[in-house]
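*Asks:* So that you have it, the file is run.cif, and it contains mmCIF, C-alpha atoms:
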data_run
#
loop_
_atom_site.label_atom_id
_atom_site.label_comp_id
_atom_site.auth_asym_id
_atom_site.auth_seq_id
_atom_site.Cartn_x
_atom_site.Cartn_y
_atom_site.Cartn_z
CA MET A 78 -15.49 13.16 11.42
CA ALA A 79 -13.24 16.19 11.65
CA GLY A 80 -14.58 19.44 12.98
CA THR A 81 -17.36 20.33 15.37
CA PHE A 82 -19.71 23.17 16.03
CA PRO A 83 -19.21 24.92 19.36
CA HIS A 84 -20.50 22.73 22.16
CA HIS A 85 -23.21 25.24 23.09
CA THR A 86 -24.91 24.46 19.78
CA ARG A 87 -27.64 21.97 20.67
CA THR A 88 -27.73 19.08 18.73
CA THR A 89 -25.30 18.79 16.06
CA SER A 90 -25.23 15.39 17.76
CA ASP A 91 -21.76 14.61 19.07
CA HIS A 92 -19.89 15.33 15.89
CA CYS A 93 -20.28 17.08 12.56
CA GLY A 94 -18.62 16.92 9.21
CA ALA A 95 -15.87 19.34 8.34
CA THR A 96 -16.78 22.51 6.47
CA SER A 97 -14.82 24.55 3.99
CA ASP A 98 -13.48 27.98 4.96
CA ARG A 99 -13.12 29.10 1.36
CA ASP A 100 -15.81 31.76 1.20
CA SER A 101 -15.08 32.50 -2.45
CA GLU A 102 -16.14 28.99 -3.41
CA GLU A 103 -19.30 29.27 -1.33
CA HIS A 104 -20.19 32.61 -2.91
CA THR A 105 -19.93 30.99 -6.32
CA VAL A 106 -22.30 28.23 -5.27
CA ILE A 107 -24.87 30.43 -3.54
CA ASP A 108 -25.80 33.12 -5.99
CA GLN A 109 -28.79 35.01 -4.64
CA GLU A 110 -30.37 35.64 -8.04
CA SER A 111 -30.63 32.02 -9.14
CA THR A 112 -29.42 29.39 -6.76
CA PRO A 113 -29.91 25.75 -7.69
CA VAL A 114 -28.41 24.90 -4.30
CA ARG A 115 -31.34 26.44 -2.44
CA GLN A 116 -33.85 24.78 -4.72
CA THR A 117 -32.17 21.40 -4.37
CA ILE A 118 -32.10 21.63 -0.58
CA ALA A 119 -35.75 22.67 -0.43
CA GLN A 120 -36.72 19.79 -2.71
CA ASP A 121 -34.65 17.30 -0.71
CA LEU A 122 -36.44 18.41 2.46
CA LEU A 123 -39.86 18.24 0.73
CA VAL A 124 -40.66 21.93 1.14
CA SER A 125 -43.56 22.75 -1.15
CA PRO A 126 -43.73 26.09 -2.98
CA ASP A 127 -47.41 26.27 -2.00
CA PHE A 128 -48.93 26.16 1.45
CA ASP A 129 -52.43 26.00 2.88
CA ALA A 130 -52.67 25.30 6.59
CA GLU A 131 -56.06 23.55 6.50
CA ALA A 132 -54.99 21.34 3.61
CA GLU A 133 -51.79 20.41 5.46
CA ILE A 134 -53.77 19.48 8.56
CA ALA A 135 -56.04 17.18 6.55
CA ARG A 136 -53.13 15.58 4.70
CA ARG A 137 -51.02 14.95 7.78
CA VAL A 138 -53.88 13.62 9.91
CA ALA A 139 -54.74 11.25 7.05
CA PHE A 140 -51.09 10.16 6.90
CA LEU A 141 -50.99 9.31 10.61
CA THR A 142 -54.36 7.56 10.47
CA ASP A 143 -53.20 5.43 7.56
CA GLN A 144 -50.00 4.48 9.39
CA LEU A 145 -52.18 2.94 12.08
CA THR A 146 -54.97 1.38 10.06
CA SER A 147 -52.80 -0.03 7.27
CA THR A 148 -50.28 -1.64 9.61
CA GLY A 149 -52.56 -2.88 12.38
CA LEU A 150 -50.61 -0.91 14.99
CA ARG A 151 -52.49 0.39 18.00
CA ALA A 152 -50.84 3.52 19.32
CA LEU A 153 -49.03 6.78 18.64
CA VAL A 154 -46.46 7.94 21.20
CA LEU A 155 -45.07 11.47 21.39
CA GLY A 156 -43.11 13.53 23.90
CA ILE A 157 -44.73 16.88 24.74
CA SER A 158 -42.32 19.67 25.72
CA GLY A 159 -44.57 22.72 25.64
CA GLY A 160 -43.12 24.09 22.42
CA VAL A 161 -45.04 24.74 19.22
CA ASP A 162 -43.64 21.69 17.39
CA SER A 163 -44.76 19.06 19.89
CA THR A 164 -48.00 20.94 20.55
CA THR A 165 -48.87 20.88 16.86
CA THR A 166 -47.78 17.28 16.37
CA GLY A 167 -49.65 16.18 19.47
CA ARG A 168 -52.95 17.60 18.26
CA LEU A 169 -52.46 15.97 14.85
CA CYS A 170 -51.85 12.65 16.63
CA GLN A 171 -55.00 12.92 18.71
CA LEU A 172 -57.12 13.77 15.66
CA ALA A 173 -55.58 10.79 13.84
CA VAL A 174 -56.37 8.21 16.53
CA GLU A 175 -59.91 9.56 16.82
CA ARG A 176 -60.36 9.13 13.08
CA ALA A 177 -58.92 5.63 13.27
CA ARG A 178 -61.40 4.72 16.00
CA GLU A 179 -64.26 6.09 13.93
CA ALA A 180 -63.16 3.65 11.23
CA GLY A 181 -63.34 0.78 13.71
CA HIS A 182 -59.63 0.56 14.47
CA ASP A 183 -58.56 0.38 18.11
CA ALA A 184 -56.02 3.17 18.59
CA VAL A 185 -54.72 5.30 21.47
CA PHE A 186 -52.52 8.38 21.61
CA TYR A 187 -49.99 8.45 24.47
CA ALA A 188 -48.65 11.93 25.18
CA MET A 189 -45.50 11.75 27.28
CA ARG A 190 -44.03 14.32 29.60
CA LEU A 191 -40.30 13.72 29.79
CA PRO A 192 -38.83 16.33 32.14
CA TYR A 193 -35.28 16.35 33.43
CA GLY A 194 -36.23 16.77 37.07
CA VAL A 195 -38.39 19.89 37.22
CA GLN A 196 -38.94 21.64 33.87
CA ALA A 197 -38.73 25.43 34.07
CA ASP A 198 -41.60 25.96 31.62
CA GLU A 199 -43.80 23.16 32.93
CA LYS A 200 -46.83 25.46 32.75
CA ASP A 201 -46.40 25.61 28.97
CA ALA A 202 -46.28 21.83 28.78
CA GLN A 203 -49.48 21.60 30.79
CA LEU A 204 -51.11 24.22 28.57
CA ALA A 205 -50.13 22.15 25.55
CA LEU A 206 -51.65 19.03 27.09
CA ASP A 207 -54.88 20.87 27.83
CA PHE A 208 -55.08 21.87 24.17
CA ILE A 209 -54.08 18.47 22.75
CA ARG A 210 -56.55 16.51 24.91
CA ALA A 211 -54.58 13.28 24.57
CA ASP A 212 -56.15 9.91 25.35
CA GLU A 213 -53.41 9.12 27.87
CA VAL A 214 -50.68 11.22 29.51
CA LEU A 215 -47.61 9.50 30.96
CA THR A 216 -44.79 11.22 32.83
CA VAL A 217 -41.25 9.82 32.96
CA ASP A 218 -38.48 11.79 34.68
CA VAL A 219 -35.33 11.23 32.62
CA LYS A 220 -33.01 12.77 35.22
CA PRO A 221 -32.07 9.56 37.10
CA ALA A 222 -31.26 7.62 33.93
CA SER A 223 -29.45 10.55 32.26
CA ASP A 224 -27.30 11.29 35.31
CA ALA A 225 -26.53 7.61 35.83
CA ALA A 226 -25.39 7.24 32.22
CA LEU A 227 -23.05 10.24 32.49
CA ASP A 228 -21.71 9.07 35.85
CA ALA A 229 -20.98 5.63 34.40
CA VAL A 230 -19.11 7.15 31.44
CA LEU A 231 -17.05 9.33 33.79
CA ALA A 232 -16.35 6.37 36.08
CA ALA A 233 -15.06 4.43 33.07
CA GLY A 234 -12.36 7.07 32.63
CA THR A 235 -13.83 9.35 29.97
CA VAL A 236 -12.38 12.88 30.10
CA PHE A 237 -14.16 15.80 28.42
CA ARG A 238 -12.44 18.91 27.12
CA ASP A 239 -14.05 21.13 29.73
CA ALA A 240 -17.23 21.56 31.76
CA GLY A 241 -19.11 22.96 28.77
CA HIS A 242 -18.22 19.96 26.60
CA GLN A 243 -19.39 17.58 29.32
CA ASP A 244 -22.63 19.52 29.75
CA PHE A 245 -23.29 19.44 26.02
CA THR A 246 -22.78 15.67 25.95
CA HIS A 247 -25.04 15.32 28.97
CA GLY A 248 -27.70 17.24 27.01
CA ASN A 249 -27.50 14.71 24.20
CA ILE A 250 -27.83 11.91 26.76
CA LYS A 251 -31.04 13.53 28.04
CA ALA A 252 -32.47 13.65 24.52
CA ARG A 253 -31.62 10.00 23.92
CA GLN A 254 -33.06 8.90 27.26
CA ARG A 255 -36.33 10.57 26.29
CA MET A 256 -36.45 8.54 23.12
CA ILE A 257 -35.65 5.35 25.04
CA ALA A 258 -38.70 6.00 27.21
CA GLN A 259 -40.92 6.68 24.21
CA TYR A 260 -39.86 3.49 22.45
CA ALA A 261 -40.48 1.53 25.63
CA VAL A 262 -44.06 2.81 25.75
CA ALA A 263 -44.54 2.22 22.02
CA GLY A 264 -43.25 -1.33 22.48
CA ALA A 265 -45.65 -1.95 25.35
CA HIS A 266 -48.65 -0.80 23.33
CA ASN A 267 -47.76 -1.96 19.79
CA GLY A 268 -47.34 1.59 18.62
CA LEU A 269 -45.30 4.09 16.65
CA VAL A 270 -43.03 6.79 18.04
CA VAL A 271 -43.82 10.14 16.48
CA GLY A 272 -41.13 12.77 15.87
CA THR A 273 -41.44 16.54 15.56
CA ASP A 274 -38.70 17.20 13.01
CA HIS A 275 -39.54 19.70 10.28
CA ALA A 276 -37.65 21.31 7.42
CA ALA A 277 -36.22 24.21 9.44
CA GLU A 278 -34.63 21.80 11.91
CA ALA A 279 -33.62 19.30 9.25
CA VAL A 280 -31.75 21.83 7.13
CA SER A 281 -29.68 22.95 10.12
CA GLY A 282 -29.25 19.53 11.72
CA PHE A 283 -30.74 21.02 14.87
CA PHE A 284 -31.60 17.80 16.63
CA THR A 285 -29.81 15.10 18.60
CA LYS A 286 -28.80 12.18 16.43
CA PHE A 287 -30.64 9.08 17.70
CA GLY A 288 -32.33 11.34 20.26
CA ASP A 289 -35.18 13.56 19.14
CA GLY A 290 -34.01 12.72 15.62
CA ALA A 291 -35.14 9.11 16.12
CA ALA A 292 -38.78 8.30 15.32
CA ASP A 293 -40.99 6.05 13.24
CA VAL A 294 -43.11 8.78 11.66
CA VAL A 295 -42.47 12.52 11.26
CA PRO A 296 -45.72 14.27 10.28
CA LEU A 297 -44.26 17.80 10.20
CA THR A 298 -41.77 16.90 7.46
CA GLY A 299 -41.48 19.60 4.79
CA LEU A 300 -42.89 22.41 6.92
CA THR A 301 -40.85 25.48 7.73
CA LYS A 302 -41.08 26.92 11.23
CA ARG A 303 -43.54 29.64 10.24
CA ARG A 304 -45.69 27.04 8.52
CA VAL A 305 -45.68 24.90 11.67
CA ARG A 306 -46.90 27.97 13.55
CA ALA A 307 -49.60 28.52 10.92
CA VAL A 308 -50.78 24.91 11.27
CA ALA A 309 -50.82 25.30 15.06
CA GLU A 310 -52.86 28.47 14.77
CA ALA A 311 -55.30 26.81 12.37
CA LEU A 312 -55.68 23.96 14.86
CA GLY A 313 -56.59 26.48 17.54
CA ALA A 314 -53.45 26.21 19.68
CA PRO A 315 -52.97 28.83 22.43
CA ALA A 316 -51.32 31.98 21.08
CA GLU A 317 -48.59 31.90 23.73
CA LEU A 318 -47.48 28.49 22.47
CA VAL A 319 -47.80 29.38 18.78
CA GLY A 320 -45.48 32.36 19.25
CA LYS A 321 -43.21 30.87 21.93
CA VAL A 322 -39.47 31.38 21.51
CA PRO A 323 -38.05 27.93 20.63
CA THR A 324 -35.44 26.45 22.95
CA ALA A 325 -34.01 22.94 23.28
CA ASP A 326 -33.29 23.50 26.99
CA LEU A 327 -30.90 20.54 27.18
CA GLU A 328 -27.86 22.15 28.78
CA THR A 329 -27.65 22.70 32.51
CA LEU A 330 -24.97 25.40 32.25
CA ASN A 331 -26.97 27.40 29.72
CA PRO A 332 -30.65 26.67 30.43
CA GLY A 333 -33.30 28.05 28.13
CA LEU A 334 -30.85 29.05 25.39
CA PRO A 335 -33.00 30.14 22.41
CA ASP A 336 -32.53 28.01 19.30
CA GLU A 337 -31.72 31.06 17.20
CA ASP A 338 -28.83 32.03 19.51
CA ALA A 339 -27.39 28.54 19.18
CA LEU A 340 -27.90 28.44 15.42
CA GLY A 341 -26.50 31.89 14.67
CA VAL A 342 -29.33 32.57 12.20
CA THR A 343 -33.02 33.27 12.72
CA TYR A 344 -35.86 30.95 11.85
CA ASP A 345 -37.14 33.68 9.55
CA ASP A 346 -33.84 33.47 7.65
CA ILE A 347 -34.09 29.67 7.46
CA ASP A 348 -37.74 29.76 6.40
CA ASP A 349 -37.07 32.41 3.75
CA PHE A 350 -34.17 30.33 2.45
CA LEU A 351 -36.33 27.21 2.15
CA GLU A 352 -39.37 29.01 0.74
CA GLY A 353 -37.36 30.76 -2.00
CA ARG A 354 -37.66 34.26 -0.54
CA PRO A 355 -34.86 36.83 -0.46
CA VAL A 356 -32.21 36.02 2.14
CA ALA A 357 -29.13 37.94 3.25
CA GLU A 358 -26.05 36.38 1.71
CA GLU A 359 -24.35 35.83 5.07
CA ALA A 360 -27.38 33.94 6.39
CA ALA A 361 -27.62 31.83 3.22
CA LEU A 362 -23.95 30.90 3.50
CA ALA A 363 -24.38 29.89 7.13
CA ILE A 364 -27.42 27.74 6.36
CA VAL A 365 -25.71 25.90 3.50
CA ARG A 366 -22.62 25.29 5.63
CA ARG A 367 -24.74 23.78 8.40
CA TYR A 368 -26.70 21.69 5.91
CA ARG A 369 -23.53 20.20 4.47
CA ALA A 370 -21.86 19.69 7.84
CA THR A 371 -24.86 17.84 9.28
CA GLU A 372 -25.55 15.62 6.28
CA HIS A 373 -24.68 12.51 8.31
CA LYS A 374 -27.60 13.23 10.66
CA ARG A 375 -30.16 12.95 7.87
CA ARG A 376 -28.87 9.60 6.58
CA LEU A 377 -28.81 6.01 7.72
CA PRO A 378 -25.53 4.75 9.25
CA ILE A 379 -22.70 4.64 6.75
CA ALA A 380 -21.67 1.21 5.48
CA PRO A 381 -18.62 0.11 3.43
#
Starting from the file, lay out its structure as structure tokens.
*Replies:*
Amino acid sequence: MAGTFPHHTRTTSDHCGATSDRDSEEHTVIDQESTPVRQTIAQDLLVSPDFDAEAEIARRVAFLTDQLTSTGLRALVLGISGGVDSTTTGRLCQLAVERAREAGHDAVFYAMRLPYGVQADEKDAQLALDFIRADEVLTVDVKPASDAALDAVLAAGTVFRDAGHQDFTHGNIKARQRMIAQYAVAGAHNGLVVGTDHAAEAVSGFFTKFGDGAADVVPLTGLTKRRVRAVAEALGAPAELVGKVPTADLETLNPGLPDEDALGVTYDDIDDFLEGRPVAEEAALAIVRRYRATEHKRRLPIAP
């Protein structure tokens, strides 16, 4: 597809759809008083107008439990990074397998640490694991496989635009290697790979296509970022993880880049947009542009 976001932007996969530069047309579409576009996007991403953290916990734990008991599968597998999304999802997974076992179904939750070498915020990942209390914790270093894949591509004659472009692509390789490891574990234990995608990431396409965007079940679907934090808080997650600044931390040349710096809008802006609250026009325009440009990431592969 034509057009890309700057290569420091995590996760618009390797390519994005072209976007229009005609602001006048966008302003017509996104009227702040009554915008069917915002409502349609929120509905497409299953964002509810109402929210109760305890009710969402019960509903999502029941969903995960049913995915195990109704299919006969035996495991949930999830990568734990130390951020609020994987912390929240991990606790939901552990509660689900415990409920499945209470119902007589053999089930295990495998929490996976998937560092690229040494993770800078490893203490946060360990804090998350202490809170989640997973049945099993497995650690797979994705550095050897990720570096080998990039080296093989370079040896084949691939030339990147510059060092930043190569580093961005390497970041996507890391994300995909993590998912390879998770599917290997799920395959070994007859299980499901669990994803952490939620509405605030989905609307912006802020995930690696076939990397962290690949999963069998996504229990945070429909939640905005602030609602994920509210669920985490209701679950009793450590405050430092609930309020942690989100970062993909995939790029070696720009480690720890906050998501909001890469996105160009704040999560509060995105959440307000999805929840039907007032949003600055510039932020709304940026969100809609990203939503349209990353449409391919929310769909199955295109066929003739």
*Asks:* So the first atom is CA of Ile157 in chain A and the second is CA of Arg304 in chain A; what is the distance between them in Å, to one decimal place?
*Replies:*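 So the two atoms, CA of Ile157 in chain A and CA of Arg304 in chain A, lie 19.2 Å apart.
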*Asks:* Quick check, in Å to one decimal: how far apart do CA of Leu155 in chain A and CA of Thr246 in chain A lie?
*Replies:*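 That distance, rounded to one decimal, is 23.1 Å.
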*Asks:* If the PyMOL selection byres ((chain A and resi 126-136) around 8) is run on the structure shown, which residues does it catch, given as a PyMOL selection string?
*Replies:* chain A and resi 124-125+137-140+169+304+307-308+311-312+352-353
*Asks:* Taking (-56.2, 7.8, 21.5) in the coordinates of the supplied file, I want to know which residues reach to within 10 Å of it, counting all atoms listed in the file; could you give the answer as a ChimeraX atom specification?
*Replies:* /A:151-154,170-178,183-188,210-213
*Asks:* Kindly extract all protein, DNA and RNA residues lying within 12 Å of the coordinates (-55.0, 28.2, 21.9) given in the file, considering all atoms listed in the file, and supply them as a VMD selection string.
*Replies:* chain A and resid 161 164 to 165 168 201 204 to 209 306 308 to 320
*Asks:* Save the residues we just selected, C-alpha atoms, as a compact mmCIF listing (two decimals), in the frame of the given file?
*Replies:*
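Result file follows (part21.txt):
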# COMPACT_ATOMS: atom_id res chain seq x y z
CA VAL A 161 -45.04 24.74 19.22
CA THR A 164 -48.00 20.94 20.55
CA THR A 165 -48.87 20.88 16.86
CA ARG A 168 -52.95 17.60 18.26
CA ASP A 201 -46.40 25.61 28.97
CA LEU A 204 -51.11 24.22 28.57
CA ALA A 205 -50.13 22.15 25.55
CA LEU A 206 -51.65 19.03 27.09
CA ASP A 207 -54.88 20.87 27.83
CA PHE A 208 -55.08 21.87 24.17
CA ILE A 209 -54.08 18.47 22.75
CA ARG A 306 -46.90 27.97 13.55
CA VAL A 308 -50.78 24.91 11.27
CA ALA A 309 -50.82 25.30 15.06
CA GLU A 310 -52.86 28.47 14.77
CA ALA A 311 -55.30 26.81 12.37
CA LEU A 312 -55.68 23.96 14.86
CA GLY A 313 -56.59 26.48 17.54
CA ALA A 314 -53.45 26.21 19.68
CA PRO A 315 -52.97 28.83 22.43
CA ALA A 316 -51.32 31.98 21.08
CA GLU A 317 -48.59 31.90 23.73
CA LEU A 318 -47.48 28.49 22.47
CA VAL A 319 -47.80 29.38 18.78
CA GLY A 320 -45.48 32.36 19.25
*Asks:* Using all atoms listed in the file, which residue out of A:Pro335, A:Gly160, A:Gly181, A:Gly248 lies closest to Thr142 in chain A?
*Replies:*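 Under the stated criterion, the closest residue is A:Gly181.
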*Asks:* Between CA of Thr329 in chain A and CA of Val217 in chain A, what is the distance in Å, rounded to a tenth?
*Replies:*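 Computing it gives 18.7 Å between the two atoms.
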*Asks:* For each of A:Asp348, A:Asp162, A:Glu358, A:Glu179, take the minimum atom-to-atom distance to Arg303 in chain A, counting only C-alpha atoms, then give the residue where this is smallest.
*Replies:* A:Asp348
*Asks:* Point out the residue among A:Thr324, A:Thr343, A:Thr166, A:Gln116 with the least atom-to-atom distance to Leu297 in chain A, counting all atoms listed in the file.
*Replies:* A:Thr166
*Asks:* Identify which of the residues A:Asp326, A:Ala265, A:Val270, A:Ala229 lies closest to Val195 in chain A, counting all atoms listed in the file when measuring atom-to-atom distances.
*Replies:*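 Among the listed residues, the smallest separation from Val195 in chain A belongs to A:Asp326.
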*Asks:* Pull out every residue that the PyMOL selection byres ((chain A and resi 221) around 12) matches in the shown coordinates and put them as a PDB file with C-alpha atoms, keeping the file's coordinate frame.
*Replies:*
ATOM      1  CA  LEU A 191     -40.300  13.720  29.790  1.00  0.00           C
ATOM      2  CA  PRO A 192     -38.830  16.330  32.140  1.00  0.00           C
ATOM      3  CA  TYR A 193     -35.280  16.350  33.430  1.00  0.00           C
ATOM      4  CA  GLY A 194     -36.230  16.770  37.070  1.00  0.00           C
ATOM      5  CA  VAL A 217     -41.250   9.820  32.960  1.00  0.00           C
ATOM      6  CA  ASP A 218     -38.480  11.790  34.680  1.00  0.00           C
ATOM      7  CA  VAL A 219     -35.330  11.230  32.620  1.00  0.00           C
ATOM      8  CA  LYS A 220     -33.010  12.770  35.220  1.00  0.00           C
ATOM      9  CA  ALA A 222     -31.260   7.620  33.930  1.00  0.00           C
ATOM     10  CA  SER A 223     -29.450  10.550  32.260  1.00  0.00           C
ATOM     11  CA  ASP A 224     -27.300  11.290  35.310  1.00  0.00           C
ATOM     12  CA  ALA A 225     -26.530   7.610  35.830  1.00  0.00           C
ATOM     13  CA  ALA A 226     -25.390   7.240  32.220  1.00  0.00           C
ATOM     14  CA  LEU A 227     -23.050  10.240  32.490  1.00  0.00           C
ATOM     15  CA  ASP A 228     -21.710   9.070  35.850  1.00  0.00           C
ATOM     16  CA  ILE A 250     -27.830  11.910  26.760  1.00  0.00           C
ATOM     17  CA  LYS A 251     -31.040  13.530  28.040  1.00  0.00           C
ATOM     18  CA  GLN A 254     -33.060   8.900  27.260  1.00  0.00           C
ATOM     19  CA  ARG A 255     -36.330  10.570  26.290  1.00  0.00           C
TER      20      ARG A 255
END
*Asks:* Which residue, A:Gln196, A:Gln259, A:Arg253, A:Asp289, has the smallest gap to Asp274 in chain A when you use all atoms listed in the file?
*Replies:*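 With all atoms listed in the file as the atom set, the closest residue is A:Asp289.
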*Asks:* Could you write out as a PyMOL selection string the residues that the PyMOL selection byres ((chain A and resi 280) around 9) matches in the shown file?
*Replies:* chain A and resi 118-119+122+275-279+281-283+347+351+364-365+367-369+371-372
